[in-house]
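Q: Attaching a single structure in structure tokens format; questions to follow.
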Amino acid sequence: MSETTRAGAAAPSPVRNPVVEALKEALMAGLLAATLASFILGVKTVDAPGGLQLEYRWHWVLIAFGVVAVGRFLLRLLWWRRDAALPGAAAAIGRSAGQLAQPLGKFAGPALLAAAFLLPFMPFIGRYEMDIAILVLTYVLLGWGLNVVVGYAGLLDLGYVAFYAVGAYAYALLATHFGLGFWTVLPLAGILAAIWGMILGFPVLRLRGDYLAIVTLAFGEIIRVVLLNWQEVTGGPDGISGIPRPTFFGLEFKRFGENTFHQFFGIEFSPMHRLYFLYFIILVLALITYMVTNRLRRLPVGRAWEAMREDEIACRSLGINPTNTKLTAFAIGAFFGGLGGSFFATRQGFISPESFTFIESAIILAIVVLGGLGSQIGVAIAAIVMIGGFEVFRGLEEYRMLLFGLLMVVIMVWRPRGLVSHRMPTIFLGKERKAVSAEMVGEGSG
Amino acid sequence: MSSTDAGKQPAGRPILQVQGVDAFYGHIQALHGVSLDVHYGEIVTMIGANGAGKSTLMMTIFGHPRARNGRIIFDGWDITDEPTHHIARRGISLVPEGRRIFQRMTVLENLQLGAELAPDSHFDEDLAFVYSLFPVLQKRQNQRAGTLSGGEQQMLAIGRALMGKPRFLMLDEPSLGLAPLLVQQVFDALRQLNEEHNMTIFLVEQNAWHALRLAHRAYVLVNGRVTMSGTGKELLEKEEVRAAYLGGGH
């Protein structure tokens with residue numbers, strides 16, 4: 001009987017009853033949730049005389065089971081019709097949203113830019129909001145930098161934070177030991193990071209995919225461990241403090257002293273001035289990153305990056321030098337990581353290896369992937385959503401990690417190629433000028 | 001179009017000489033002392049069954065894998081030990097097996113990447129040439145290459161190779177996965193390239209019938225060894241070839 005074949009051997013009845021099917025699924029999903037919940041929600045450690053003790057909270061497990069089972073049952077029955085698989089339905093929603101997003105995309109860029117410039121002058125922006133905005137922009141810059149490596153060149157780099165660290169320590173060391181200013185060191189830090197990018201690039205030239213990811217991951221850790229243990233130079237776990245702040249054409253942002261910003265302009269001192277200044281520094285740095293990477297993409301080297309991501313053998317047979325192509329991608333990505341690191345050091349005034357753990361790499365990579373590999377506007381939006389969202393939900397404490405994970409899962413189900421999956425071709429002839437949709441491209445094949 | 005006149009045998013100087021080449025994948029020897037010549041202005045084909053080493057030969061000429069013994073000489077230069085991208089710069093273009101176009105990029109971007117080696121000033125001219133050879137590519141120029149049909153993708157792969165202004169065009173199974181009508185179209189284009197633009201062409205093919213009719217000269221590769229050679233017409237008439245590669249009929 002043909003209609004029984006789909007139900008499989010597990011179904012005893014030849015006729016598929018949707019309610020029974022849904023119930024079975026709900027039970028399975030509920031059990032899965034309960035299994036997970038029993039470790040996460042069901043057991044709690046509490047302080048007790050004689051050490052930590054376990055407190056069991058089985059009602060939480062029951063609640064998790066109930067919520068998941070009922071939710072799955074209703075979803076299955078009402079929304080995911082008989083044979084429509086989850087990805088199909090989700091993709092359909094994603095598609096319609098994508099169509100909606102395309103005209104929006106035209107205005108999103110200029111609107112975001114205008115908003116970014118006007119932001120500090122908004123009445124509701126206080127010290128805390130400025131801090132978040134600066135943080136978000138730092139991640140936008142890092143995202144755009146990593147986008148060159150992961151998005152354009154397709155080289156999965158899990159150790160991007162290493163270049164961020166190189167930039168930060170370059171500025172911190174040069175400033176504290178040699179008294180060099182932020183503006184002098186900024187390009188130097190970028191170049192140093194770029195050199196490290198090439199140092200990483202050489203041994204991994206032959207690697208792709210998972211293998212490359214593992215080596216870059218190790219590289220990120222090596223840099224961190226060296227920073228941690230090379231006490232004489234880096235200060236080890238104590239880090240480096242007293243890193244000078246950036247100056248505005250030699251004017252400092254201090255309450256007292258000579259040559260200060262507020263004295264020169266004859267205005268009253270406000271600690272916000274420095275924040276505004278930092279905000280505009282990182283905004284300009286991010287915009288430079290945007291413009292440079294966007295321009296590079298249209299040059300032969302950028303085309304070669306994208307072609308290398310698509311097919312390395314074809315590239316070689318067209319006379320493209322794979323070594324140069326990969327090394328430039330690593331170097332340029334690292335350069336912007338270095339700029340970001342320098343900025344981070346000058347903003348914080350204190351750095352230690354703790355700021356450069358793997359989770360930083362993971363967050364930056366998540367921004368690039370969620371934004372849509374290779375899409376610059378997508379990366380910016382993802383940085384705002386992720387970093388901004390992370391801060392907004394600070395009140396939720398440990399639950400925000402849960403929310404964060406949920407968000408990632410939702411985005412990846414809903415738009416598996418990232419928020420902005422359209423790719424703008426670098427050359428047009430003729431009248432039609434449109435983005436190329438990512439539809440019909442298998443996930444992970446790009 | 002009528003089949004190529006087998007009597008027309010250009011006796012120019014060789015553009016490609018493969019001399020006693022051995023190639024290995026790990027410990028497995030894929031090519032055993034393969035020798036062949038391609039002369040200026042010729043179409044030469046290498047036919048052979050699946051796994052005979054045809055693609056290996058193509059890639060070995062391109063330095064990947066390297067020939068362990070023997071020499072490969074292109075236009076007087078010993079290219080045996082040169083890196084692939086240098087070999088490409090000497091004026092050889094390869095249309096790789098399975099086309100290997102850049103799927104997510106547009107047709108025009110693919111062609112642009114092919115032109116990486118040619119001076120910029122030639123771009124418009126070369127593009128017009130490729131479009132005249134394959135008009136369908138112009139219609140699809142802003143379309144994503146991955147959405148093209150198999151035949152169009154093959155045309156794009158050939159067009160991309162031509163954008164580099166090669167003196168010598170190598171094709172690895174251009175008929176692979178194409179409907180018979182499209183195979184004819186692709187081969188007609190190759191003949192046109194050779195006759196009207198004097199392009200030297202070397203192709204390996206499983207589709208012996210089409211390849212032998214197109215080629216001036218041909219080689220037969222069996223288990224990594226060249227077992228036969230002659231003009232396309234001669235081989236078409238040989239009983240062994242007919243039995244092994246043409247299904248006995250035609």
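Chain labels A, B, ... are given in the sequence in which chains occur in the structure tokens; within each chain residues are numbered consecutively from 1, and ligands are likewise numbered from 1 in the order shown.
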At a cut-off of 9 Å, can you tabulate as JSON lines every residue of region 94-202 of chain B near region 53-67 of chain B together with its closest atom pair and the distance in Å to one decimal, using only C-alpha atoms and ordering rows by chain then number?
A:
{"residue": "B:Leu94", "atom": "CA", "partner": "B:Met58", "partner_atom": "CA", "distance": 8.3}
{"residue": "B:Pro96", "atom": "CA", "partner": "B:Met58", "partner_atom": "CA", "distance": 8.5}
{"residue": "B:Glu97", "atom": "CA", "partner": "B:Ser55", "partner_atom": "CA", "distance": 7.3}
{"residue": "B:Met170", "atom": "CA", "partner": "B:Met58", "partner_atom": "CA", "distance": 7.7}
{"residue": "B:Leu171", "atom": "CA", "partner": "B:Met58", "partner_atom": "CA", "distance": 8.2}
{"residue": "B:Asp172", "atom": "CA", "partner": "B:Ser55", "partner_atom": "CA", "distance": 6.4}
{"residue": "B:Glu173", "atom": "CA", "partner": "B:Ser55", "partner_atom": "CA", "distance": 8.3}
Q: Now that the selection is made, can you save its residues with N, CA and C atoms as a PDB file, in the first residue's frame?
A:
ATOM      1  N   LEU B  94      42.111  26.786 -19.735  1.00  0.00           N
ATOM      2  CA  LEU B  94      41.513  25.470 -19.509  1.00  0.00           C
ATOM      3  C   LEU B  94      40.031  25.651 -19.199  1.00  0.00           C
ATOM      4  N   PRO B  96      37.606  23.639 -17.379  1.00  0.00           N
ATOM      5  CA  PRO B  96      37.762  22.436 -16.560  1.00  0.00           C
ATOM      6  C   PRO B  96      36.557  21.503 -16.648  1.00  0.00           C
ATOM      7  N   GLU B  97      36.793  20.282 -16.231  1.00  0.00           N
ATOM      8  CA  GLU B  97      35.718  19.299 -16.195  1.00  0.00           C
ATOM      9  C   GLU B  97      34.611  19.778 -15.265  1.00  0.00           C
ATOM     10  N   MET B 170      42.233  24.503 -23.942  1.00  0.00           N
ATOM     11  CA  MET B 170      42.071  23.098 -23.569  1.00  0.00           C
ATOM     12  C   MET B 170      40.682  22.919 -22.958  1.00  0.00           C
ATOM     13  N   LEU B 171      40.014  21.843 -23.348  1.00  0.00           N
ATOM     14  CA  LEU B 171      38.679  21.592 -22.798  1.00  0.00           C
ATOM     15  C   LEU B 171      38.612  20.179 -22.246  1.00  0.00           C
ATOM     16  N   ASP B 172      38.083  20.082 -21.034  1.00  0.00           N
ATOM     17  CA  ASP B 172      37.947  18.772 -20.400  1.00  0.00           C
ATOM     18  C   ASP B 172      36.476  18.356 -20.463  1.00  0.00           C
ATOM     19  N   GLU B 173      36.170  17.458 -21.349  1.00  0.00           N
ATOM     20  CA  GLU B 173      34.812  16.925 -21.523  1.00  0.00           C
ATOM     21  C   GLU B 173      33.752  18.008 -21.640  1.00  0.00           C
TER      22      GLU B 173
END
Q: Show me which bits of chain B are within 8 Å of chain A, counting only C-alpha atoms, as a ChimeraX atom specification.
A: /B:62,84-89,93-94,96,100-106,108-109,113-114,116-117,141-144,161,164
Q: Find the residues near Glu268 (chain A): any atom within 12 Å, counting only C-alpha atoms, skip ones fewer than 4 places away on the same chain, and give them as a list in words.
A: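 Skipping anything fewer than 4 positions along the chain leaves Phe253, Lys254, Arg255, Phe256, Thr260, Phe261, His262, Gln263, Phe264, Met272 and His273 of chain A.
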Q: From the set A:Tyr128, A:Phe202, A:Phe39, A:Tyr139, which residue has the shortest atom-to-atom contact distance to Val368 (chain A), counting only C-alpha atoms?
A: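 Of all the options, A:Tyr139 lies closest to Val368 (chain A).
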Q: Would you work out the distance separating CA of Phe343 (chain A) from CA of Gly236 (chain A), expressed in Å to one decimal?
A: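 Computing it gives 20.5 Å between the two atoms.
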Q: Go ahead and compute the interatomic distance for CA of Trp77 (chain B) and CA of Gln112 (chain B), in Å to one decimal.
A: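 Interatomic distance here is 27.4 Å.
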Q: Give the helix (DSSP H, G or I) residues of region 109-231 of chain A, as DSSP finds them on the backbone, and put them as a ChimeraX atom specification.
A: /A:109-121,127-152,161-178,182-204,209-229,231
